[in-house]
Each structure stands twice: as C-alpha cells, then as structure tokens.
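Undergrad: input20.csv is reproduced below (CSV, C-alpha atoms and all ligand atoms).
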chain,number,residue,atom,x,y,z
A,1,MET,CA,19.7,18.5,-180.8
A,2,THR,CA,17.8,15.3,-181.8
A,3,THR,CA,14.0,14.8,-181.5
A,4,PRO,CA,12.6,11.7,-179.8
A,5,GLY,CA,11.1,9.3,-182.4
A,6,GLY,CA,7.8,8.8,-180.5
A,7,THR,CA,5.6,5.8,-180.7
A,8,GLY,CA,5.9,3.4,-183.7
A,9,LEU,CA,3.3,1.2,-185.3
A,10,ALA,CA,3.5,-1.5,-182.6
A,11,GLY,CA,2.5,0.8,-179.8
A,12,GLU,CA,4.4,1.8,-176.7
A,13,VAL,CA,7.6,-0.3,-176.2
A,14,GLY,CA,9.2,1.5,-173.3
A,15,VAL,CA,12.7,0.7,-172.1
A,16,ILE,CA,14.6,-2.2,-173.7
A,17,ASP,CA,18.1,-3.7,-173.3
A,18,CYS,CA,20.1,-2.7,-176.4
A,19,PRO,CA,21.6,-6.0,-177.8
A,20,ILE,CA,24.7,-4.2,-179.0
A,21,CYS,CA,26.0,-2.1,-176.0
A,22,ILE,CA,23.6,-3.8,-173.5
A,23,GLY,CA,22.6,-0.3,-172.2
A,24,GLN,CA,19.0,0.5,-171.4
A,25,LEU,CA,17.3,2.4,-174.2
A,26,ASP,CA,14.1,4.3,-173.9
A,27,TRP,CA,12.6,3.3,-177.3
A,28,GLU,CA,10.1,6.2,-177.7
A,29,GLN,CA,12.7,8.7,-176.6
A,30,ALA,CA,15.4,7.5,-179.0
A,31,PRO,CA,15.6,9.4,-182.3
A,32,LEU,CA,13.9,7.7,-185.3
A,33,LEU,CA,15.4,8.1,-188.8
A,34,THR,CA,15.3,6.5,-192.2
A,35,LEU,CA,18.4,5.6,-194.3
A,36,ASP,CA,18.6,6.3,-198.0
A,37,ALA,CA,20.4,3.9,-200.4
A,38,ASP,CA,23.7,5.9,-200.0
A,39,GLY,CA,23.4,5.8,-196.2
A,40,THR,CA,22.1,9.4,-195.7
A,41,GLU,CA,20.1,9.7,-192.6
A,42,THR,CA,16.8,11.6,-192.6
A,43,PRO,CA,14.9,12.2,-189.3
A,44,LEU,CA,11.5,10.6,-189.3
A,45,ASP,CA,8.5,12.2,-187.6
A,46,LEU,CA,5.7,9.7,-187.7
A,47,ARG,CA,3.1,12.4,-186.8
A,48,THR,CA,3.6,13.9,-190.3
A,49,VAL,CA,3.0,10.5,-192.1
A,50,ARG,CA,-0.6,9.8,-193.2
A,51,GLY,CA,-2.1,6.3,-193.5
A,52,ASP,CA,-1.0,3.0,-191.9
A,53,ALA,CA,0.3,1.6,-195.2
A,54,ASN,CA,2.6,4.5,-195.6
A,55,ARG,CA,3.8,4.3,-192.1
A,56,GLN,CA,4.4,0.5,-192.4
A,57,ARG,CA,6.5,1.1,-195.6
A,58,LEU,CA,8.6,3.8,-193.9
A,59,LEU,CA,9.1,1.7,-190.8
A,60,MET,CA,10.7,-1.1,-192.8
A,61,HIS,CA,13.5,1.3,-193.5
A,62,ALA,CA,13.4,3.1,-190.1
A,63,TYR,CA,16.0,2.9,-187.3
A,64,ARG,CA,16.3,4.2,-183.7
A,65,ARG,CA,19.7,5.6,-182.7
A,66,CYS,CA,21.1,4.2,-179.5
A,67,PRO,CA,23.7,6.6,-178.0
A,68,GLY,CA,26.1,3.8,-177.0
A,69,ASN,CA,28.5,4.3,-174.1
A,70,ASP,CA,32.2,4.9,-173.4
A,71,ALA,CA,33.1,1.4,-174.9
A,72,GLN,CA,30.7,1.5,-177.8
A,73,PRO,CA,30.0,4.3,-180.3
A,74,SER,CA,26.4,5.1,-181.1
A,75,HIS,CA,24.6,2.6,-183.4
A,76,LEU,CA,21.3,2.0,-185.1
A,77,LEU,CA,18.6,-0.6,-184.3
A,78,PRO,CA,15.8,-1.5,-186.8
A,79,GLU,CA,12.5,0.0,-185.7
A,80,ARG,CA,10.9,-3.5,-185.7
A,81,PHE,CA,13.5,-4.9,-183.3
A,82,PRO,CA,11.5,-4.8,-180.1
A,83,GLY,CA,8.0,-4.4,-181.5
A,84,LEU,CA,6.6,-8.0,-181.8
A,85,GLY,CA,5.4,-8.4,-178.3
A,86,THR,CA,7.9,-11.2,-177.5
A,87,ARG,CA,11.5,-10.8,-176.2
A,88,PRO,CA,14.0,-10.5,-179.0
A,89,VAL,CA,16.3,-13.5,-179.2
A,90,THR,CA,20.1,-12.8,-179.7
A,91,ILE,CA,22.4,-15.6,-180.9
A,92,GLY,CA,26.2,-15.5,-181.0
A,93,LEU,CA,28.4,-17.6,-183.2
A,94,VAL,CA,31.4,-18.7,-181.2
A,95,GLY,CA,34.7,-20.2,-182.4
A,96,ALA,CA,38.3,-19.4,-183.2
A,97,SER,CA,39.2,-17.7,-186.5
A,98,GLY,CA,38.9,-20.0,-189.5
A,99,THR,CA,36.6,-22.5,-187.8
A,100,GLY,CA,33.9,-21.8,-190.5
A,101,LYS,CA,31.4,-19.6,-188.6
A,102,THR,CA,30.8,-17.1,-191.5
A,103,HIS,CA,30.3,-19.8,-194.1
A,104,LEU,CA,28.0,-21.8,-191.8
A,105,LEU,CA,25.8,-18.8,-191.1
A,106,ALA,CA,25.5,-17.9,-194.8
A,107,ALA,CA,24.5,-21.5,-195.6
A,108,MET,CA,21.9,-21.4,-192.7
A,109,VAL,CA,20.4,-18.1,-193.9
A,110,SER,CA,20.2,-19.4,-197.5
A,111,ARG,CA,18.1,-22.3,-196.2
A,112,LEU,CA,16.0,-20.1,-194.1
A,113,HIS,CA,14.9,-18.3,-197.2
A,114,ASP,CA,13.6,-21.5,-198.8
A,115,ALA,CA,9.9,-20.9,-198.1
A,116,ALA,CA,8.9,-24.5,-198.9
A,117,LEU,CA,11.4,-25.9,-196.4
A,118,MET,CA,10.3,-23.4,-193.8
A,119,ALA,CA,6.6,-24.3,-194.4
A,120,ARG,CA,7.5,-27.9,-193.5
A,121,MET,CA,8.6,-26.6,-190.1
A,122,GLY,CA,5.5,-24.4,-189.9
A,123,LEU,CA,7.6,-21.2,-190.0
A,124,THR,CA,7.8,-18.1,-192.1
A,125,VAL,CA,11.0,-16.0,-192.1
A,126,GLN,CA,11.4,-12.4,-193.1
A,127,ALA,CA,14.1,-9.8,-192.9
A,128,LEU,CA,14.0,-7.6,-189.8
A,129,ASP,CA,14.9,-4.6,-192.0
A,130,LEU,CA,15.3,-4.5,-195.7
A,131,ARG,CA,18.5,-2.5,-196.1
A,132,MET,CA,20.8,-4.5,-193.8
A,133,HIS,CA,19.4,-7.8,-194.9
A,134,ALA,CA,19.7,-7.0,-198.6
A,135,ALA,CA,23.4,-6.1,-197.9
A,136,TYR,CA,23.9,-9.5,-196.1
A,137,LEU,CA,22.2,-11.5,-198.9
A,138,ASP,CA,24.3,-9.8,-201.6
A,139,GLY,CA,27.6,-9.7,-199.8
A,140,HIS,CA,27.4,-13.2,-198.2
A,141,VAL,CA,24.6,-15.5,-199.3
A,142,SER,CA,24.7,-14.9,-203.1
A,143,ARG,CA,28.4,-14.6,-203.3
A,144,PHE,CA,28.8,-17.9,-201.4
A,145,ILE,CA,25.8,-20.0,-202.5
A,146,ASP,CA,25.2,-18.7,-206.1
A,147,ARG,CA,28.8,-17.8,-207.1
A,148,ARG,CA,30.5,-20.5,-205.0
A,149,GLU,CA,33.0,-17.9,-203.7
A,150,GLN,CA,35.0,-18.4,-200.6
A,151,LEU,CA,34.1,-15.6,-198.1
A,152,PRO,CA,36.9,-13.6,-196.5
A,153,ALA,CA,37.8,-13.8,-192.8
A,154,THR,CA,35.6,-11.5,-190.7
A,155,ARG,CA,37.4,-8.2,-190.1
A,156,ILE,CA,38.9,-8.0,-186.6
A,157,ASP,CA,38.0,-4.3,-186.4
A,158,ALA,CA,34.5,-4.6,-187.8
A,159,PRO,CA,31.9,-2.6,-185.8
A,160,VAL,CA,29.9,-4.6,-183.2
A,161,GLU,CA,26.6,-5.2,-185.0
A,162,PHE,CA,24.5,-8.2,-185.8
A,163,ALA,CA,25.2,-9.9,-189.1
A,164,VAL,CA,21.6,-11.1,-189.6
A,165,GLY,CA,18.3,-9.8,-188.3
A,166,LEU,CA,15.1,-11.9,-188.9
A,167,VAL,CA,11.5,-12.0,-188.0
A,168,VAL,CA,10.5,-15.6,-187.5
A,169,GLU,CA,6.8,-16.3,-187.3
A,170,GLU,CA,4.8,-19.4,-186.6
A,171,PRO,CA,1.5,-18.8,-188.5
A,172,GLY,CA,0.0,-21.8,-186.6
A,173,THR,CA,0.3,-20.1,-183.2
A,174,GLY,CA,0.5,-16.5,-184.5
A,175,ARG,CA,3.7,-15.9,-182.5
A,176,SER,CA,6.5,-13.9,-183.9
A,177,HIS,CA,10.1,-13.4,-182.7
A,178,THR,CA,12.9,-11.0,-183.6
A,179,VAL,CA,16.1,-13.1,-184.0
A,180,VAL,CA,19.4,-11.4,-184.4
A,181,ILE,CA,22.7,-13.3,-185.0
A,182,PHE,CA,26.2,-11.9,-184.3
A,183,ASP,CA,29.2,-13.2,-186.3
A,184,MET,CA,32.3,-11.6,-184.9
A,185,SER,CA,35.9,-12.6,-185.8
A,186,GLY,CA,37.2,-15.5,-183.7
A,187,GLU,CA,40.4,-13.6,-182.9
A,188,ARG,CA,38.3,-10.7,-181.5
A,189,LEU,CA,36.1,-13.1,-179.4
A,190,GLN,CA,39.2,-14.3,-177.6
A,191,ARG,CA,40.0,-10.8,-176.3
A,192,SER,CA,38.6,-9.2,-173.2
A,193,ASP,CA,37.6,-6.0,-175.0
A,194,ARG,CA,34.8,-4.1,-173.3
A,195,ASP,CA,33.1,-3.5,-176.6
A,196,LEU,CA,32.1,-7.1,-176.7
A,197,ALA,CA,29.6,-6.7,-173.9
A,198,PHE,CA,26.9,-8.0,-176.2
A,199,VAL,CA,28.2,-11.5,-175.3
A,200,ASN,CA,27.0,-11.1,-171.7
A,201,GLN,CA,23.4,-10.8,-172.8
A,202,LEU,CA,23.1,-13.4,-175.5
A,203,SER,CA,20.1,-15.7,-175.4
A,204,GLY,CA,21.9,-18.6,-177.1
A,205,LEU,CA,25.2,-19.8,-178.4
A,206,LEU,CA,26.0,-21.4,-181.7
A,207,CYS,CA,29.5,-22.9,-181.0
A,208,VAL,CA,31.4,-24.0,-184.1
A,209,VAL,CA,34.0,-26.7,-183.9
A,210,ASP,CA,36.6,-27.0,-186.6
A,211,PRO,CA,37.5,-30.7,-186.9
A,212,THR,CA,40.9,-29.9,-188.5
A,213,ALA,CA,41.8,-28.2,-185.2
A,214,VAL,CA,41.2,-31.5,-183.2
A,215,ARG,CA,44.3,-33.8,-183.1
A,216,ASP,CA,44.2,-36.5,-185.7
A,217,LEU,CA,40.5,-36.2,-186.6
A,218,THR,CA,41.0,-35.2,-190.2
A,219,GLY,CA,44.4,-36.8,-190.7
A,220,PRO,CA,47.4,-38.0,-188.7
A,221,GLY,CA,49.4,-35.2,-187.2
A,222,LEU,CA,46.8,-32.5,-187.8
A,223,GLY,CA,45.3,-30.3,-185.1
A,224,GLY,CA,45.9,-30.4,-181.4
A,225,ASP,CA,44.0,-30.9,-178.1
A,226,GLY,CA,44.0,-27.4,-176.6
A,227,GLY,CA,40.4,-26.6,-177.3
A,228,ASP,CA,39.1,-23.3,-178.6
A,229,ARG,CA,40.1,-20.0,-176.9
A,230,ALA,CA,37.0,-18.2,-178.2
A,231,PHE,CA,34.8,-20.8,-176.5
A,232,ASP,CA,36.8,-20.4,-173.2
A,233,ALA,CA,36.7,-16.6,-173.3
A,234,THR,CA,33.0,-16.6,-174.1
A,235,MET,CA,32.2,-19.0,-171.2
A,236,ASP,CA,34.3,-16.8,-168.9
A,237,ARG,CA,32.3,-13.7,-169.8
A,238,LEU,CA,29.0,-15.5,-169.5
A,239,ARG,CA,29.9,-17.1,-166.1
A,240,GLN,CA,30.9,-13.7,-164.7
A,241,ALA,CA,27.8,-11.9,-166.1
A,242,ARG,CA,25.1,-14.5,-165.6
A,243,CYS,CA,26.0,-16.8,-162.8
A,244,ARG,CA,26.1,-16.5,-159.0
A,245,PRO,CA,29.3,-18.0,-157.6
A,246,GLY,CA,29.1,-21.8,-157.6
A,247,ALA,CA,26.1,-22.0,-160.0
A,248,PRO,CA,26.4,-25.2,-162.0
A,249,TYR,CA,25.1,-23.9,-165.3
A,250,VAL,CA,25.2,-20.8,-167.5
A,251,PRO,CA,21.4,-20.2,-168.0
A,252,ILE,CA,21.4,-20.2,-171.8
A,253,PRO,CA,21.4,-22.9,-174.4
A,254,ALA,CA,24.5,-23.9,-176.4
A,255,VAL,CA,24.3,-25.7,-179.7
A,256,THR,CA,27.7,-27.1,-180.7
A,257,VAL,CA,28.2,-27.8,-184.4
A,258,VAL,CA,31.2,-29.8,-185.7
A,259,THR,CA,31.3,-28.1,-189.1
A,260,LYS,CA,33.4,-29.1,-192.2
A,261,ALA,CA,32.0,-32.6,-191.6
A,262,ASP,CA,32.7,-33.4,-195.3
A,263,LEU,CA,36.3,-33.9,-194.0
A,264,LEU,CA,35.1,-36.6,-191.6
A,265,THR,CA,33.5,-38.9,-194.2
A,266,ARG,CA,35.1,-42.2,-195.2
A,267,ARG,CA,37.4,-42.2,-192.1
A,268,GLY,CA,35.7,-45.1,-190.4
A,269,TYR,CA,34.0,-43.1,-187.7
A,270,ALA,CA,31.2,-45.6,-187.1
A,271,GLU,CA,29.7,-43.8,-184.1
A,272,ILE,CA,28.8,-40.8,-186.2
A,273,ASN,CA,28.2,-42.4,-189.5
A,274,ARG,CA,24.4,-41.9,-189.4
A,275,TRP,CA,24.9,-38.1,-188.9
A,276,LEU,CA,27.6,-37.5,-191.5
A,277,PRO,CA,26.6,-35.2,-194.5
A,278,TYR,CA,25.8,-37.9,-197.0
A,279,GLY,CA,22.0,-37.5,-197.6
A,280,LEU,CA,20.4,-35.3,-200.2
A,281,HIS,CA,17.8,-33.6,-198.1
A,282,GLU,CA,17.9,-31.5,-194.9
A,283,ASP,CA,17.2,-33.6,-191.9
A,284,LEU,CA,14.5,-31.6,-190.1
A,285,ASP,CA,13.4,-34.2,-187.6
A,286,LEU,CA,14.3,-32.6,-184.3
A,287,GLY,CA,13.0,-35.7,-182.5
A,288,THR,CA,16.4,-37.4,-183.2
A,289,VAL,CA,18.6,-34.5,-182.1
A,290,GLU,CA,19.2,-36.1,-178.7
A,291,GLU,CA,20.5,-39.2,-180.4
A,292,GLU,CA,22.8,-37.1,-182.7
A,293,SER,CA,24.0,-35.1,-179.7
A,294,ARG,CA,25.0,-38.3,-177.8
A,295,ALA,CA,26.9,-39.6,-180.8
A,296,VAL,CA,28.8,-36.4,-181.5
A,297,TYR,CA,29.5,-36.0,-177.8
A,298,ALA,CA,31.0,-39.5,-177.6
A,299,PHE,CA,32.9,-38.8,-180.8
A,300,LEU,CA,34.6,-35.6,-179.5
A,301,ALA,CA,35.1,-37.0,-176.0
A,302,SER,CA,36.9,-40.2,-177.2
A,303,ARG,CA,38.9,-38.7,-180.0
A,304,ASN,CA,41.0,-35.8,-178.5
A,305,GLY,CA,38.1,-33.3,-178.6
A,306,ARG,CA,37.3,-33.2,-174.9
A,307,ARG,CA,38.5,-29.6,-174.6
A,308,TRP,CA,35.8,-28.4,-177.1
A,309,LEU,CA,33.0,-29.6,-174.8
A,310,GLY,CA,33.1,-26.7,-172.4
A,311,PRO,CA,29.9,-25.0,-173.6
A,312,THR,CA,28.2,-28.4,-173.7
A,313,HIS,CA,29.0,-29.1,-170.1
A,314,GLU,CA,28.4,-25.6,-168.8
A,315,CYS,CA,25.3,-24.4,-170.5
A,316,TRP,CA,21.8,-25.2,-169.2
A,317,ASP,CA,20.7,-26.8,-172.4
A,318,SER,CA,23.0,-28.2,-175.0
A,319,THR,CA,23.0,-30.3,-178.2
A,320,LEU,CA,25.7,-31.3,-180.6
A,321,HIS,CA,25.5,-31.7,-184.4
A,322,LEU,CA,27.5,-32.4,-187.5
A,323,ALA,CA,27.2,-30.1,-190.6
A,324,SER,CA,29.0,-29.1,-193.8
A,325,ALA,CA,28.6,-25.6,-195.1
A,326,THR,CA,30.6,-26.1,-198.3
A,327,GLY,CA,30.9,-29.8,-198.9
A,328,THR,CA,34.5,-29.3,-200.1
A,329,SER,CA,37.6,-27.1,-199.9
A,330,ALA,CA,38.0,-24.0,-202.0
A,331,VAL,CA,40.4,-23.8,-204.9
A,332,VAL,CA,42.3,-20.5,-205.4
A,333,ALA,CA,42.6,-19.3,-209.0
A,334,GLU,CA,43.6,-16.1,-210.7
A,335,GLU,CA,40.5,-14.4,-212.0
A,336,GLY,CA,41.5,-11.3,-213.8
A,337,PRO,CA,43.6,-9.1,-211.5
A,338,ARG,CA,42.7,-10.9,-208.3
A,339,ALA,CA,43.0,-14.4,-206.8
A,340,VAL,CA,39.6,-15.8,-205.9
A,341,GLY,CA,38.9,-18.9,-203.8
A,342,ARG,CA,36.0,-20.8,-205.4
A,343,PHE,CA,34.3,-24.1,-204.4
A,344,PRO,CA,34.4,-26.7,-207.2
A,345,LYS,CA,30.9,-27.1,-208.6
A,346,ASP,CA,30.7,-30.9,-208.5
A,347,SER,CA,31.4,-31.2,-204.7
A,348,PHE,CA,29.9,-27.9,-203.5
A,349,ARG,CA,26.9,-28.5,-201.3
A,350,GLN,CA,25.3,-27.6,-197.9
A,351,ARG,CA,24.3,-30.4,-195.6
A,352,ARG,CA,22.7,-30.6,-192.2
A,353,VAL,CA,23.1,-26.8,-191.7
A,354,LEU,CA,19.6,-25.9,-190.8
A,355,ARG,CA,19.0,-28.5,-188.1
A,356,PRO,CA,21.4,-26.9,-185.5
A,357,LEU,CA,19.8,-23.5,-186.0
A,358,LEU,CA,16.2,-24.9,-185.7
A,359,THR,CA,17.3,-26.7,-182.6
A,360,LEU,CA,18.5,-23.4,-181.2
A,361,PHE,CA,15.2,-21.8,-182.2
A,362,ALA,CA,13.5,-24.5,-180.2
A,363,LEU,CA,15.7,-24.0,-177.2
A,364,THR,CA,15.2,-20.3,-177.2
A,365,GLY,CA,11.4,-20.5,-177.6
A,366,VAL,CA,11.3,-19.2,-181.1
A,367,LEU,CA,10.0,-22.5,-182.3
A,368,ASP,CA,7.3,-23.9,-180.1
A,369,MET,CA,7.5,-27.7,-180.6
A,370,ALA,CA,6.7,-30.6,-178.4
A,371,THR,CA,10.2,-31.9,-179.0
A,372,ALA,CA,11.7,-28.7,-177.7
A,373,ARG,CA,10.5,-29.5,-174.2
A,374,ASN,CA,13.4,-31.5,-172.9
A,375,LEU,CA,15.8,-31.1,-175.8
A,376,GLY,CA,19.4,-31.3,-174.7
A,377,ARG,CA,18.7,-30.4,-171.0
A,378,PRO,CA,20.9,-32.5,-168.6
A,379,GLU,CA,18.7,-35.1,-167.0
A,380,ALA,CA,19.4,-33.8,-163.5
A,381,ALA,CA,18.1,-30.4,-164.5
A,382,ARG,CA,14.8,-31.4,-166.1
B,1,LIG,N1,35.9,-28.4,-196.2
B,1,LIG,C1,35.2,-27.4,-195.7
B,1,LIG,N2,35.7,-26.2,-195.5
B,1,LIG,C2,35.0,-25.2,-195.0
B,1,LIG,C3,33.6,-25.4,-194.5
B,1,LIG,N3,33.1,-24.3,-194.0
B,1,LIG,C4,34.1,-23.4,-194.1
B,1,LIG,N4,35.2,-23.9,-194.7
B,1,LIG,C5,36.5,-23.2,-194.9
B,1,LIG,O1,37.0,-22.7,-193.7
B,1,LIG,C6,37.6,-21.5,-193.8
B,1,LIG,C7,37.2,-20.5,-192.8
B,1,LIG,O2,35.9,-20.2,-192.8
B,1,LIG,P1,35.2,-18.9,-192.2
B,1,LIG,O3,33.7,-19.1,-192.3
B,1,LIG,O4,35.7,-17.7,-192.8
B,1,LIG,O5,35.7,-19.0,-190.7
B,1,LIG,P2,35.3,-18.0,-189.5
B,1,LIG,O6,35.1,-18.8,-188.3
B,1,LIG,O7,34.2,-17.1,-189.9
B,1,LIG,O8,36.7,-17.2,-189.3
B,1,LIG,P3,36.9,-15.7,-188.7
B,1,LIG,O9,36.0,-14.8,-189.5
B,1,LIG,O10,38.3,-15.3,-188.9
B,1,LIG,O11,36.6,-15.7,-187.3
B,1,LIG,C8,37.3,-21.0,-195.3
B,1,LIG,O12,38.5,-21.1,-196.0
B,1,LIG,C9,36.3,-22.0,-195.8
B,1,LIG,O13,36.6,-22.3,-197.1
B,1,LIG,C10,33.1,-26.8,-194.7
B,1,LIG,O14,31.9,-27.0,-194.4
B,1,LIG,N5,33.9,-27.7,-195.3
B,2,MG,MG,34.0,-15.1,-190.0
B,3,ZN,ZN,23.1,0.3,-177.7
So, in terms of structure tokens, how does the structure I just supplied come out?

TA:
Amino acid sequence: MTTPGGTGLAGEVGVIDCPICIGQLDWEQAPLLTLDADGTETPLDLRTVRGDANRQRLLMHAYRRCPGNDAQPSHLLPERFPGLGTRPVTIGLVGASGTGKTHLLAAMVSRLHDAALMARMGLTVQALDLRMHAAYLDGHVSRFIDRREQLPATRIDAPVEFAVGLVVEEPGTGRSHTVVIFDMSGERLQRSDRDLAFVNQLSGLLCVVDPTAVRDLTGPGLGGDGGDRAFDATMDRLRQARCRPGAPYVPIPAVTVVTKADLLTRRGYAEINRWLPYGLHEDLDLGTVEEESRAVYAFLASRNGRRWLGPTHECWDSTLHLASATGTSAVVAEEGPRAVGRFPKDSFRQRRVLRPLLTLFALTGVLDMATARNLGRPEAAR
C-alpha cells in the first residue's frame, strides 16, 4: 500500500496529463519519494520535514510515481514537473535512425548551459531534477563535447522517458516553464507501438533531416528521395490524435533542422550559403529565422528533399534551419580493448545548434519575444 504524497512546495496542483503515458494523474494523490545515488527509493512524507529550505532541498530529488497503464509500466516524474504555474512544454525529436538526433540534442543542451549566452537571450536554464540531469550531462554532453566521443545509437528498447528536463525562466518577465525533451530511437518512432502515446500529446516537434539521406545532396549517388518514415509515422499519429477530419493543420509547431550541415559546405549551394555553419558565433537573431526558413525550404524542395517537408506543410507553425552538431565525421580507433569513434580535434565544432531550439521555445511560448508573434505561421493562418 502506497501513501499519497500530499501537497508539495508549489501548492495544490490537482490533475495533470502525464507526459509519458498521457494518462491523467492526480498529483497530490500520487506517491512521493526520493531516490538515493544507487536508485533506492525512500517514501517522502513532507509533513515530517521542518523548514522551507529543507523541503526545497529534498524536493529537488523528489519524484511522484505515475502508475502507468497496460501499455506503459509505472514511471517517475520529477516533483517540480507541474509546479511552475505554466503548462509544461513537451518536445519530441523526430527522425529516422542515424539522422543525428542524439548528437544534436547533446550539442543544444551544452549550449543551454552557457549562462552568458543564455543571458543574451534573457533566459536562465536549470535542471528540472538534479539526478536525471547529472546522468544526462555525464553520459551525453561531457562524453560528446569534452571528450569528443561519438555517442551510440539510442537503444530501441529504452524505456519511454524524457532525455532532458529543464526549467527555463525569463527573469525579465518572471515566467518559468518546465520543458522536457524526448529522444527516442528513430527505428522505434516508425513503429505503431502503443507505448509511444507520448507523441500524441507533444507541444512541439524538432524534426531532424539527415542530408546524406537525400539523393545527391552530399555527393552523387548518395541518398534517396523517399523521405523519412519516422516523420510520416509521427504525423500520422498526430493527425489521428489532434485533428478533426479534414483539418488543414496539426495544431503544434514543427521546427525542421537539416543537421550535418558541415557536409553541405563548399558544394555550391548558393541559396543556403548565408546559413551554412561557417561563422564562429551562435546566430541568436530570431528576426532572420523566416528568411532562413524560406531558403532551406527552397533548398529541400528543389533538390530531391520534397518528401522531408511533411511536418513543415502539416504543422500550424513551422520553420526550417541548418545546423551542425559535430562539424565533422568521427574516426574509429582502437583505444585499449574497445573501438571508439572520436571526432578529430581540429574540425570538431557545434554550429547553429541553439537557434532551432530557441525558435521552438518561442513557438511554444517558453520564450516571450516580439519576433515570436508570427514566426513561421503560414500567411493564410495568421
Ligand atoms: N558530419 C556530421 N556527422 C554527424 C553530425 N551529427 C551526427 N553525426 C553522425 O551521425 C551519426 C548518427 O547520429 P545519432 O545522433 O546517433 O543519430 P540518431 O538520430 O540519434 O539515431 P538513433 O538513435 O538510432 O535514432 C553518428 O555517427 C554521428 O557521428 C553532424 O553534425 N555532422
Ligand atoms: Mg539517438
Ligand atoms: Zn504516466
């Protein structure tokens, strides 16, 4: 028998939509627990904890247990998930296996932790919970950014959970949002499994296009023109879950990123030259996103990439971007008993990775900017 967790620091939350199993969860009635370093669960009864500072400290490590359903085993949600007074924003990375979703996300998160860069955008970014975030920083960001290691493909049988949980605050307006980002294996996204119900409730899509999959883009004879089955399956799910028959748009934003843009440089693509990853600094001027979107749209549409434009056509708001998460391809070498893929030091760099994520923040209301008002919305729908 489990005991309900009761009211946390943020006051009464009530019933929320679980972002993982999309069931309804009565927050105060859900068991509250803390996790030790080794994963041992200890029930937490807030009535026995004295002092706000003590409660605050414990709640950074506290979780509610959602019972799940017949498609999804029970799972934990950080105590802070619903407690900021704004609706949590859930983002899904979409794209076939090998498109570069996991490297792109790690590059984005490393940039989000650059406090000076975030200050330029008037944002502060914190971990939603310390334990899961430390594991992500160690297993993905440090390994990739500091040690230049190629990250493995995401396990197809990994539990459905978000890879990254953040609290994004605009000190200027005092508004805070919970943002959680899912990064599932591309092969899994193509299936119709019921345990991927989280897709139905996403607040925004980060669709990743691999230019090596598009015919002739990165070299003669490479790629094809069939599009991306993870895009197609995701749009099918969303149309069924979120649209009335005949509705013209899926009512969420889609930011499409052509990643691995280092492979598109010096190929004479004049229409996207301005947006290729040459510059030294992050381009954070969201006022030019419309221009970049038009150029990348024209690029894909006229060079065998039309089939990758499904989310752009079907989602309510959409923008398109170019980015490079690694700057270069990995070289595999024997290091002791194992073969490790490592990115060569001289060409390893992250370029234009933050701009698509900030755009999605603007389109989902996390970032309240004047430029967000009409960003990417089809003219007829404004
Ligand atoms: N040249 C280049 N290669 C990249 C870039 N980003 C990722 N890659 C390579 O692309 C491959 C696949 O990247 P992942 O991030 O694992 O792809 P994924 O979409 O997460 O794949 P799944 O987890 O299987 O769905 C890796 O071998 C990376 O080295 C980039 O910006 N440039
Ligand atoms: Mg992956
Ligand atoms: Zn749940």

Undergrad: Please tabulate, as a tab-separated table, the residues of chain A that come within 6 Å of ligand ZN 3 (chain B), each with its closest pair of atoms and the distance in Å to one decimal, counting only C-alpha atoms and all ligand atoms and ordering rows by chain, then residue number upward.

TA:
residue	atom	partner	partner_atom	distance
A:Cys18	CA	B:ZN3	ZN	4.4
A:Ile20	CA	B:ZN3	ZN	4.9
A:Cys21	CA	B:ZN3	ZN	4.1
A:Ile22	CA	B:ZN3	ZN	5.9
A:Gly23	CA	B:ZN3	ZN	5.6
A:Cys66	CA	B:ZN3	ZN	4.7
A:Gly68	CA	B:ZN3	ZN	4.7

Undergrad: Just to be explicit: take each residue in the selection above, keep C-alpha atoms, and write the result as an mmCIF file, keeping the file's coordinate frame.

TA:
data_model
loop_
_atom_site.group_PDB
_atom_site.id
_atom_site.type_symbol
_atom_site.label_atom_id
_atom_site.label_comp_id
_atom_site.auth_asym_id
_atom_site.auth_seq_id
_atom_site.Cartn_x
_atom_site.Cartn_y
_atom_site.Cartn_z
ATOM 1 C CA CYS A 18 20.100 -2.700 -176.400
ATOM 2 C CA ILE A 20 24.700 -4.200 -179.000
ATOM 3 C CA CYS A 21 26.000 -2.100 -176.000
ATOM 4 C CA ILE A 22 23.600 -3.800 -173.500
ATOM 5 C CA GLY A 23 22.600 -0.300 -172.200
ATOM 6 C CA CYS A 66 21.100 4.200 -179.500
ATOM 7 C CA GLY A 68 26.100 3.800 -177.000
#

Undergrad: With distances taken over only C-alpha atoms, which residue among A:Leu358, A:Phe198, A:Thr328, A:Ser176 lies nearest Met118 (chain A)?

TA: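 Of A:Leu358, A:Phe198, A:Thr328, A:Ser176, the one nearest Met118 (chain A) is A:Leu358, counting only C-alpha atoms.
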
Undergrad: Counting only C-alpha atoms and all ligand atoms, what residues are within 9 Å of ligand MG 2 (chain B), given as a list in words?

TA: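 If we count only C-alpha atoms and all ligand atoms, the neighbours of ligand MG 2 (chain B) turn out to be Ser97, Gly98, Thr99, Gly100, Lys101, Thr102, His103, Leu151, Pro152, Ala153, Thr154, Arg155, Asp183, Met184, Ser185 and Gly186 of chain A.
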
Undergrad: Could you tell me which of A:Thr319, A:Thr42, A:Gln24, A:Thr212 comes closest to ligand LIG 1 (chain B) if we count only C-alpha atoms and all ligand atoms?

TA: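 Closest to ligand LIG 1 (chain B) of all the choices is A:Thr212.
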
Undergrad: Between A:Gly336, A:Pro251, A:Gly327, A:Pro19, single out the one closest to ligand LIG 1 (chain B), counting only C-alpha atoms and all ligand atoms.

TA: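 Looking at the shortest contact to ligand LIG 1 (chain B), the residue is A:Gly327.
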
Undergrad: Of the candidates A:Ser302, A:Gln29, A:Thr364, A:Thr288, which one gets nearest to Arg215 (chain A) if we count only C-alpha atoms?

TA: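 Among the listed residues, A:Ser302 lies closest to Arg215 (chain A).
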
Undergrad: Between CA of Leu35 (chain A) and CA of Arg147 (chain A), what distance in Å does the model show, to one decimal?

TA: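 According to the coordinates, CA of Leu35 (chain A) and CA of Arg147 (chain A) are separated by 28.6 Å.
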
Undergrad: Can you list, as JSON, numbers by chain, every protein, DNA or RNA residue that comes within 10 Å of Ala163 (chain A) when you count only C-alpha atoms, leaving out same-chain residues fewer than 6 positions away?

TA: {"A": [92, 102, 105, 106, 132, 133, 135, 136, 140, 180, 181, 182, 183, 184]}
